[in-house]
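Pasted below: structure-v6.txt, compact mmCIF, C-alpha atoms.
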# COMPACT_ATOMS: atom_id res chain seq x y z
CA MET A 123 -64.85 7.35 -77.26
CA LYS A 124 -67.82 8.89 -75.41
CA ARG A 125 -68.70 7.09 -72.17
CA ILE A 126 -72.30 6.45 -71.19
CA LEU A 127 -74.00 5.39 -67.95
CA ILE A 128 -77.28 3.43 -68.18
CA VAL A 129 -79.72 3.68 -65.25
CA ASP A 130 -82.75 1.38 -65.61
CA ASP A 131 -84.24 -1.42 -63.53
CA SER A 132 -84.94 -3.60 -66.59
CA PRO A 133 -82.17 -6.06 -67.60
CA MET A 134 -83.71 -6.14 -71.09
CA ILE A 135 -83.26 -2.39 -71.53
CA HIS A 136 -79.64 -2.61 -70.33
CA ASN A 137 -78.99 -5.39 -72.80
CA LEU A 138 -80.68 -3.73 -75.81
CA LEU A 139 -79.41 -0.23 -75.10
CA ARG A 140 -75.85 -1.46 -74.56
CA LYS A 141 -75.95 -3.28 -77.94
CA THR A 142 -77.34 -0.17 -79.65
CA LEU A 143 -74.72 2.12 -78.11
CA GLU A 144 -71.75 -0.19 -78.70
CA ARG A 145 -72.56 -0.84 -82.35
CA ASN A 146 -72.70 2.93 -82.84
CA GLY A 147 -69.29 3.55 -81.32
CA TYR A 148 -70.11 4.47 -77.71
CA GLU A 149 -68.76 2.87 -74.54
CA VAL A 150 -71.11 1.89 -71.72
CA CYS A 151 -68.95 2.67 -68.67
CA ALA A 152 -71.43 1.48 -66.02
CA ASP A 153 -74.91 0.06 -65.41
CA ALA A 154 -77.16 1.04 -62.51
CA THR A 155 -80.50 -0.51 -61.61
CA ASN A 156 -81.95 2.30 -59.49
CA GLY A 157 -81.61 6.05 -59.09
CA ARG A 158 -79.39 5.98 -56.01
CA GLU A 159 -76.95 3.60 -57.63
CA GLY A 160 -77.09 5.84 -60.72
CA VAL A 161 -76.03 8.88 -58.68
CA GLU A 162 -73.17 6.92 -57.06
CA LEU A 163 -71.93 5.55 -60.39
CA PHE A 164 -72.18 9.00 -61.94
CA GLU A 165 -69.82 10.34 -59.27
CA THR A 166 -67.42 7.44 -59.73
CA HIS A 167 -67.31 7.40 -63.53
CA ARG A 168 -68.26 10.99 -64.53
CA PRO A 169 -69.72 9.79 -67.86
CA ASP A 170 -70.26 12.02 -70.88
CA LEU A 171 -73.95 11.09 -70.91
CA VAL A 172 -76.57 9.28 -68.82
CA PHE A 173 -79.63 7.34 -70.01
CA MET A 174 -82.10 7.46 -67.10
CA ASP A 175 -85.38 5.59 -66.57
CA ILE A 176 -88.05 7.11 -64.30
CA THR A 177 -89.89 4.31 -62.48
CA MET A 178 -87.26 2.46 -60.45
CA PRO A 179 -86.97 1.13 -56.90
CA VAL A 180 -85.03 2.88 -54.11
CA MET A 181 -84.80 6.25 -55.90
CA ASP A 182 -86.75 7.21 -59.03
CA GLY A 183 -85.21 8.79 -62.10
CA ILE A 184 -86.57 12.31 -61.53
CA GLU A 185 -85.02 12.43 -58.04
CA ALA A 186 -81.75 11.02 -59.39
CA VAL A 187 -81.61 13.68 -62.11
CA LYS A 188 -82.21 16.44 -59.54
CA THR A 189 -79.46 15.04 -57.31
CA ILE A 190 -76.94 14.76 -60.13
CA LYS A 191 -77.78 18.17 -61.61
CA ALA A 192 -77.57 19.90 -58.21
CA LYS A 193 -73.93 18.86 -57.88
CA TYR A 194 -72.96 18.61 -61.55
CA PRO A 195 -75.06 21.11 -63.54
CA GLU A 196 -73.01 20.32 -66.65
CA ALA A 197 -74.15 16.63 -66.59
CA LYS A 198 -75.94 15.51 -69.75
CA ILE A 199 -78.97 13.30 -69.16
CA ILE A 200 -81.47 11.68 -71.54
CA MET A 201 -84.67 10.39 -69.93
CA LEU A 202 -85.77 7.08 -71.49
CA THR A 203 -89.01 5.83 -70.03
CA ALA A 204 -92.26 3.96 -70.67
CA MET A 205 -94.49 6.85 -69.54
CA GLY A 206 -94.51 10.04 -71.56
CA ASP A 207 -97.50 12.12 -70.53
CA ASP A 208 -97.32 15.91 -70.36
CA GLU A 209 -97.06 16.02 -66.55
CA ILE A 210 -94.19 13.57 -66.26
CA MET A 211 -92.38 15.12 -69.23
CA THR A 212 -92.64 18.55 -67.59
CA GLN A 213 -91.27 17.14 -64.31
CA ALA A 214 -88.33 15.59 -66.14
CA LEU A 215 -87.52 18.74 -68.09
CA GLU A 216 -87.79 20.87 -64.95
CA ALA A 217 -85.43 18.46 -63.19
CA GLY A 218 -82.94 19.27 -65.92
CA VAL A 219 -82.92 16.46 -68.50
CA GLU A 220 -81.68 17.46 -71.93
CA VAL A 221 -83.93 15.13 -73.96
CA PHE A 222 -87.02 13.09 -73.09
CA LEU A 223 -87.54 9.81 -75.00
CA LYS A 224 -90.37 7.33 -74.74
CA LYS A 225 -89.75 3.58 -75.02
CA PRO A 226 -89.59 1.56 -77.19
CA PHE A 227 -86.51 2.76 -79.03
CA ASP A 228 -84.45 1.96 -82.08
CA ASP A 229 -80.96 2.98 -83.21
CA TYR A 230 -82.21 6.08 -84.99
CA LYS A 231 -84.11 7.40 -81.96
CA ILE A 232 -81.15 6.84 -79.65
CA ILE A 233 -78.44 8.17 -81.94
CA SER A 234 -80.48 11.27 -82.91
CA ALA A 235 -81.04 12.05 -79.24
CA ILE A 236 -77.34 11.66 -78.41
CA ALA A 237 -76.43 13.96 -81.31
CA LYS A 238 -78.56 16.71 -79.75
CA VAL A 239 -76.78 16.43 -76.42
CA ILE A 240 -73.07 15.68 -76.91
CA MET B 229 -116.55 -1.07 -69.33
CA ASP B 230 -116.05 2.27 -71.06
CA SER B 231 -114.43 1.56 -74.43
CA ARG B 232 -112.35 4.74 -74.07
CA LEU B 233 -110.47 2.99 -71.24
CA VAL B 234 -109.99 -0.24 -73.19
CA THR B 235 -109.10 0.77 -76.76
CA PRO B 236 -105.72 2.38 -75.94
CA TYR B 237 -104.41 -0.90 -74.41
CA ILE B 238 -105.50 -2.94 -77.42
CA GLU B 239 -103.96 -0.49 -79.89
CA SER B 240 -100.75 -0.14 -77.89
CA THR B 241 -100.39 -3.93 -77.63
CA VAL B 242 -100.68 -4.45 -81.39
CA GLN B 243 -98.37 -1.54 -82.17
CA ILE B 244 -95.68 -2.26 -79.55
CA ILE B 245 -95.51 -5.99 -80.38
CA ARG B 246 -95.00 -5.05 -84.04
CA GLN B 247 -92.51 -2.28 -83.29
CA MET B 248 -90.40 -4.22 -80.78
CA THR B 249 -90.48 -7.71 -82.28
CA GLY B 250 -91.65 -7.40 -85.90
CA ILE B 251 -94.49 -9.83 -85.11
CA GLU B 252 -97.86 -8.89 -86.62
CA VAL B 253 -101.10 -9.43 -84.75
CA THR B 254 -103.23 -11.10 -87.42
CA GLU B 255 -106.53 -11.32 -85.52
CA ILE B 256 -107.93 -9.46 -82.56
CA SER B 257 -111.33 -10.07 -80.96
CA GLU B 258 -113.84 -7.56 -79.69
CA PRO B 259 -113.56 -6.92 -75.95
CA MET B 260 -115.61 -9.46 -73.94
CA PRO B 261 -116.74 -8.91 -70.36
CA GLY B 262 -114.36 -10.72 -67.97
CA SER B 263 -115.73 -13.32 -65.56
CA GLY B 264 -113.14 -12.61 -62.88
CA GLU B 265 -111.29 -15.83 -63.72
CA ILE B 266 -108.64 -16.27 -66.40
CA LEU B 267 -107.28 -19.62 -67.54
CA ALA B 268 -103.69 -18.76 -68.43
CA TYR B 269 -102.00 -19.79 -71.69
CA GLY B 270 -98.66 -20.07 -69.93
CA VAL B 271 -96.58 -16.85 -69.74
CA THR B 272 -98.49 -14.13 -67.95
CA SER B 273 -97.43 -10.61 -67.08
CA VAL B 274 -99.42 -8.27 -64.85
CA ILE B 275 -98.89 -4.58 -64.26
CA ALA B 276 -100.96 -2.37 -61.99
CA PHE B 277 -101.46 1.37 -62.27
CA ALA B 278 -103.14 4.00 -60.16
CA GLY B 279 -104.08 7.65 -60.42
CA THR B 280 -107.56 9.13 -60.06
CA ILE B 281 -108.71 5.57 -60.83
CA LYS B 282 -106.99 2.19 -60.39
CA GLY B 283 -106.44 -0.51 -62.97
CA ARG B 284 -104.25 -3.25 -64.30
CA LEU B 285 -103.20 -4.83 -67.58
CA LEU B 286 -102.67 -8.57 -67.82
CA ILE B 287 -101.03 -9.99 -70.95
CA ASP B 288 -100.96 -13.75 -71.29
CA PHE B 289 -98.95 -15.44 -74.06
CA GLN B 290 -98.86 -18.98 -75.32
CA PRO B 291 -95.31 -20.18 -74.54
CA GLU B 292 -94.45 -20.57 -78.27
CA LEU B 293 -95.32 -16.93 -78.87
CA ALA B 294 -93.41 -15.79 -75.77
CA VAL B 295 -90.35 -17.66 -77.08
CA HIS B 296 -90.62 -15.93 -80.47
CA ILE B 297 -91.04 -12.54 -78.84
CA ILE B 298 -87.90 -13.04 -76.75
CA LYS B 299 -86.01 -14.48 -79.72
CA ASN B 300 -86.83 -11.43 -81.87
CA LEU B 301 -86.22 -8.95 -79.06
CA MET B 302 -82.92 -10.26 -77.78
CA GLY B 303 -81.55 -12.16 -80.76
CA GLU B 304 -81.41 -15.32 -78.63
CA GLU B 305 -81.59 -18.47 -80.76
CA ASN B 306 -83.00 -20.77 -78.07
CA PRO B 307 -84.37 -18.70 -75.21
CA VAL B 308 -85.18 -20.55 -72.01
CA LEU B 309 -88.52 -19.30 -70.70
CA ARG B 310 -87.66 -19.64 -67.04
CA ASP B 311 -84.48 -17.60 -67.42
CA ARG B 312 -84.75 -14.38 -65.36
CA LEU B 313 -83.63 -12.12 -68.21
CA MET B 314 -86.06 -13.76 -70.64
CA LEU B 315 -89.00 -13.35 -68.28
CA GLY B 316 -87.83 -9.81 -67.68
CA CYS B 317 -88.32 -9.16 -71.41
CA ILE B 318 -91.99 -10.09 -71.17
CA ALA B 319 -92.40 -7.89 -68.08
CA GLU B 320 -90.69 -4.94 -69.73
CA MET B 321 -92.82 -5.27 -72.86
CA ASN B 322 -95.93 -5.15 -70.67
CA ASN B 323 -94.45 -2.10 -68.93
CA ILE B 324 -93.92 -0.35 -72.27
CA ILE B 325 -97.41 -1.27 -73.55
CA ALA B 326 -99.11 -0.05 -70.37
CA GLY B 327 -96.93 3.07 -70.34
CA ASP B 328 -97.90 3.88 -73.91
CA ALA B 329 -101.65 3.47 -73.27
CA ASN B 330 -101.50 5.30 -69.92
CA THR B 331 -99.69 8.21 -71.56
CA LEU B 332 -102.60 8.60 -73.96
CA LEU B 333 -105.22 8.29 -71.21
CA ASN B 334 -103.38 10.75 -68.96
CA ASN B 335 -103.04 13.34 -71.69
CA GLU B 336 -106.65 12.88 -72.83
CA TYR B 337 -108.49 12.55 -69.50
CA GLY B 338 -106.02 13.73 -66.83
CA LEU B 339 -106.09 10.40 -64.95
CA GLY B 340 -102.55 10.77 -63.58
CA LEU B 341 -101.96 7.02 -63.93
CA ARG B 342 -98.58 5.81 -62.70
CA LEU B 343 -97.19 2.31 -63.21
CA ALA B 344 -96.19 -0.17 -60.52
CA PRO B 345 -93.39 -2.64 -61.30
CA PRO B 346 -94.68 -5.50 -63.53
CA MET B 347 -94.53 -9.17 -62.57
CA VAL B 348 -94.44 -12.35 -64.66
CA VAL B 349 -95.65 -15.85 -63.83
CA THR B 350 -95.34 -19.01 -65.90
CA GLY B 351 -97.38 -22.17 -65.83
CA LYS B 352 -99.88 -23.70 -68.23
CA ASN B 353 -103.56 -23.80 -67.25
CA MET B 354 -103.05 -21.66 -64.16
CA MET B 355 -106.29 -20.16 -62.97
CA LEU B 356 -105.94 -16.45 -62.26
CA ALA B 357 -108.79 -14.97 -60.27
CA SER B 358 -109.64 -11.43 -59.28
CA SER B 359 -112.86 -10.25 -57.77
CA LYS B 360 -114.66 -6.94 -57.33
CA VAL B 361 -113.13 -5.45 -60.43
CA ASP B 362 -114.66 -4.59 -63.79
CA SER B 363 -112.64 -6.26 -66.56
CA VAL B 364 -112.70 -7.15 -70.25
CA THR B 365 -110.78 -9.81 -72.13
CA VAL B 366 -109.46 -9.50 -75.69
CA LEU B 367 -108.07 -12.47 -77.63
CA GLY B 368 -105.25 -11.96 -80.12
CA ARG B 369 -103.56 -14.18 -82.70
CA THR B 370 -100.18 -14.11 -84.42
CA ASP B 371 -98.42 -16.57 -86.75
CA TYR B 372 -96.48 -17.83 -83.71
CA GLY B 373 -99.28 -18.30 -81.21
CA ASP B 374 -102.13 -16.65 -79.36
CA PHE B 375 -102.33 -14.17 -76.53
CA LYS B 376 -104.98 -12.59 -74.39
CA LEU B 377 -105.30 -9.23 -72.73
CA ASN B 378 -107.33 -8.63 -69.63
CA ILE B 379 -107.90 -4.98 -68.84
CA ALA B 380 -109.44 -4.08 -65.48
CA PHE B 381 -110.42 -0.80 -63.85
CA GLN B 382 -111.93 0.24 -60.55
CA GLY B 383 -113.83 3.41 -61.30
CA GLY B 384 -114.54 5.15 -64.57
CA LEU B 385 -113.70 8.27 -66.51
CA PRO B 386 -114.78 11.55 -64.95
CA SER B 387 -118.08 12.72 -66.41
Mind turning the file's structure into C-alpha cells?
Amino acid sequence: MKRILIVDDSPMIHNLLRKTLERNGYEVCADATNGREGVELFETHRPDLVFMDITMPVMDGIEAVKTIKAKYPEAKIIMLTAMGDDEIMTQALEAGVEVFLKKPFDDYKIISAIAKVI
Amino acid sequence: MDSRLVTPYIESTVQIIRQMTGIEVTEISEPMPGSGEILAYGVTSVIAFAGTIKGRLLIDFQPELAVHIIKNLMGEENPVLRDRLMLGCIAEMNNIIAGDANTLLNNEYGLGLRLAPPMVVTGKNMMLASSKVDSVTVLGRTDYGDFKLNIAFQGGLPS
C-alpha cells in the first residue's frame, strides 16, 4: 500500500484528505501542520508521496519542498493549496513539485493527480 | 468600490459553497456600501490579504447555516459550533474562497495578493467595527439560513 504524508495547517483538510485517500486504498503515514514538521516527518517516514500546502506557519510549503527536494530529489510532491495564481504556481513548479492542485478537491481530482505521480 | 474587486469574491463564495457543501445560494443582493460596522449573525470568519493593495474578506453565517455547512463538509451528524475542528472548517472555507478570488485578481491585474491565516469568532449580535477602509456588504440566502459578505480594500486597481 502506498504511504502518503499530509502537510497542511488546516485540521479540516487533514480530515477530508485522509478520508479521501483511505477510501481509495492509500495509507496516510503521518500528518504535519507546518513545513518544518513536514520535512522532519518526511525524513522519518520516507513516504511514497507528499501532499503539501503553501501558506503555513513556521515554514511555508515552497520552502519545505525545496528542502526535501535538495536532499531527496526522487521525492514525489503534490502541492494542494488555496492560491493558484501564475506566480505562485511557477514558484511551486520551480521548487520541484510534480503536480499543482487548487483547493477545493474531490476524489477524482486527488486520485487523478496521484496517478500522474506514482 | 470598484466592482472588479468585488465580483470575484461574490462568485467564488457562491461557487465554493456549492462545490464543497452542495448547498445552493438561492438569493444574493447587490453590493451595498459598508458603514464600517457589521452586526454579526453569529459565526464570522475574517481573512486578510496584501499585495500591491491590502484587503480582507469577512464571511458571517447564521449559526443554523454554519451547522449545515459543517455537517455536509465533515459528515458530522450533530456538529458542535464551538468545537475547534468545526470552527476550523469555517475558517478553511473562507481561506479557499479568498484564495480562489485572489487567484483571479492576481492573474488579471497582477496584484500579488497573499493570504494571512484566517480567524473565526462566534457570538450572536456582536458588533464588528473597522474604520478607514472602503467596504461593501453583500447579503446571501440559502435554504438553511442567511450569510453576509463584507469585502474591504485599501487602495484600488492600477489605472
* Asked: Out of B:Arg369, B:Arg310, B:Lys299, B:Lys360, which residue has the shortest atom-to-atom distance to Gly283 (chain B) when counting all atoms listed in the file?
  ->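 Among the listed residues, the smallest separation from Gly283 (chain B) belongs to B:Lys360.
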* Figure out the distance between CA of Tyr230 (chain A) and CA of Phe164 (chain A), please, to one decimal in Å. =>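 Between CA of Phe164 (chain A) and CA of Tyr230 (chain A) the gap is 25.3 Å.
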* To do: Please determine the residues with any atom at most 10 Å from (-83.6, 9.2, -68.9) (coordinates as given in the file, with all atoms listed in the file counting) and report them as a PyMOL selection string.
  => chain A and resi 128-130+172-176+183-184+186-187+198-203+214+219-224
* **Straight-line distance linking CA of Asn146 (chain A) with CA of Val295 (chain B), stated in Å to one decimal** =>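 For CA of Asn146 (chain A) relative to CA of Val295 (chain B), the distance reads 27.7 Å.
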* Contact set, chain A to chain B: 7 Å, only C-alpha atoms, as a list in words ->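 Every residue meeting the condition is included here: Ser132, Pro133, Met134, Ala204, Met205, Gly206, Asp207, Asp208, Lys225 and Pro226 of chain A.
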Expected axis-aligned box over every listed atom of region 204-219 of chain A, 4 Å added per side, centre plus edges in Å to one decimal, as lines of an AutoDock Vina configuration file:
center_x = -90.2
center_y = 12.4
center_z = -67.4
size_x = 22.6
size_y = 24.9
size_z = 16.4
* What separation in Å, quoted to one decimal, exists between CA of Arg125 (chain A) and CA of Asp229 (chain A)? -> 17.0 Å
* Structure fact -> With distances taken over all atoms listed in the file, the candidate from B:Val271, B:Ala276, B:Leu285, B:Val366 nearest Glu255 (chain B) is B:Val366
Report as a PDB file with C-alpha atoms, in the frame of the given file all protein, DNA and RNA residues lying within 10 Å of region 373-383 of chain B, evaluated on only C-alpha atoms, omitting residues in the same chain fewer than 5 positions from it.
ATOM      1  CA  MET B 229    -116.550  -1.070 -69.330  1.00  0.00           C
ATOM      2  CA  ASP B 230    -116.050   2.270 -71.060  1.00  0.00           C
ATOM      3  CA  LEU B 233    -110.470   2.990 -71.240  1.00  0.00           C
ATOM      4  CA  VAL B 234    -109.990  -0.240 -73.190  1.00  0.00           C
ATOM      5  CA  THR B 235    -109.100   0.770 -76.760  1.00  0.00           C
ATOM      6  CA  TYR B 237    -104.410  -0.900 -74.410  1.00  0.00           C
ATOM      7  CA  ILE B 238    -105.500  -2.940 -77.420  1.00  0.00           C
ATOM      8  CA  THR B 241    -100.390  -3.930 -77.630  1.00  0.00           C
ATOM      9  CA  VAL B 253    -101.100  -9.430 -84.750  1.00  0.00           C
ATOM     10  CA  THR B 254    -103.230 -11.100 -87.420  1.00  0.00           C
ATOM     11  CA  GLU B 255    -106.530 -11.320 -85.520  1.00  0.00           C
ATOM     12  CA  ILE B 256    -107.930  -9.460 -82.560  1.00  0.00           C
ATOM     13  CA  SER B 257    -111.330 -10.070 -80.960  1.00  0.00           C
ATOM     14  CA  PRO B 259    -113.560  -6.920 -75.950  1.00  0.00           C
ATOM     15  CA  MET B 260    -115.610  -9.460 -73.940  1.00  0.00           C
ATOM     16  CA  PRO B 261    -116.740  -8.910 -70.360  1.00  0.00           C
ATOM     17  CA  GLY B 262    -114.360 -10.720 -67.970  1.00  0.00           C
ATOM     18  CA  GLY B 264    -113.140 -12.610 -62.880  1.00  0.00           C
ATOM     19  CA  ILE B 266    -108.640 -16.270 -66.400  1.00  0.00           C
ATOM     20  CA  ALA B 268    -103.690 -18.760 -68.430  1.00  0.00           C
ATOM     21  CA  TYR B 269    -102.000 -19.790 -71.690  1.00  0.00           C
ATOM     22  CA  GLY B 270     -98.660 -20.070 -69.930  1.00  0.00           C
ATOM     23  CA  VAL B 271     -96.580 -16.850 -69.740  1.00  0.00           C
ATOM     24  CA  THR B 272     -98.490 -14.130 -67.950  1.00  0.00           C
ATOM     25  CA  SER B 273     -97.430 -10.610 -67.080  1.00  0.00           C
ATOM     26  CA  VAL B 274     -99.420  -8.270 -64.850  1.00  0.00           C
ATOM     27  CA  ALA B 276    -100.960  -2.370 -61.990  1.00  0.00           C
ATOM     28  CA  PHE B 277    -101.460   1.370 -62.270  1.00  0.00           C
ATOM     29  CA  ALA B 278    -103.140   4.000 -60.160  1.00  0.00           C
ATOM     30  CA  THR B 280    -107.560   9.130 -60.060  1.00  0.00           C
ATOM     31  CA  ILE B 281    -108.710   5.570 -60.830  1.00  0.00           C
ATOM     32  CA  LYS B 282    -106.990   2.190 -60.390  1.00  0.00           C
ATOM     33  CA  GLY B 283    -106.440  -0.510 -62.970  1.00  0.00           C
ATOM     34  CA  ARG B 284    -104.250  -3.250 -64.300  1.00  0.00           C
ATOM     35  CA  LEU B 285    -103.200  -4.830 -67.580  1.00  0.00           C
ATOM     36  CA  LEU B 286    -102.670  -8.570 -67.820  1.00  0.00           C
ATOM     37  CA  ILE B 287    -101.030  -9.990 -70.950  1.00  0.00           C
ATOM     38  CA  ASP B 288    -100.960 -13.750 -71.290  1.00  0.00           C
ATOM     39  CA  PHE B 289     -98.950 -15.440 -74.060  1.00  0.00           C
ATOM     40  CA  GLN B 290     -98.860 -18.980 -75.320  1.00  0.00           C
ATOM     41  CA  PRO B 291     -95.310 -20.180 -74.540  1.00  0.00           C
ATOM     42  CA  GLU B 292     -94.450 -20.570 -78.270  1.00  0.00           C
ATOM     43  CA  LEU B 293     -95.320 -16.930 -78.870  1.00  0.00           C
ATOM     44  CA  ALA B 294     -93.410 -15.790 -75.770  1.00  0.00           C
ATOM     45  CA  VAL B 295     -90.350 -17.660 -77.080  1.00  0.00           C
ATOM     46  CA  HIS B 296     -90.620 -15.930 -80.470  1.00  0.00           C
ATOM     47  CA  SER B 358    -109.640 -11.430 -59.280  1.00  0.00           C
ATOM     48  CA  LYS B 360    -114.660  -6.940 -57.330  1.00  0.00           C
ATOM     49  CA  VAL B 361    -113.130  -5.450 -60.430  1.00  0.00           C
ATOM     50  CA  ASP B 362    -114.660  -4.590 -63.790  1.00  0.00           C
ATOM     51  CA  SER B 363    -112.640  -6.260 -66.560  1.00  0.00           C
ATOM     52  CA  VAL B 364    -112.700  -7.150 -70.250  1.00  0.00           C
ATOM     53  CA  THR B 365    -110.780  -9.810 -72.130  1.00  0.00           C
ATOM     54  CA  VAL B 366    -109.460  -9.500 -75.690  1.00  0.00           C
ATOM     55  CA  LEU B 367    -108.070 -12.470 -77.630  1.00  0.00           C
ATOM     56  CA  GLY B 368    -105.250 -11.960 -80.120  1.00  0.00           C
TER      57      GLY B 368
END
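Using only C-alpha atoms, the smallest distance between any of A:Asp131, A:Glu185, A:Asp228, A:Glu196 and Asn156 (chain A) comes from A:Asp131.
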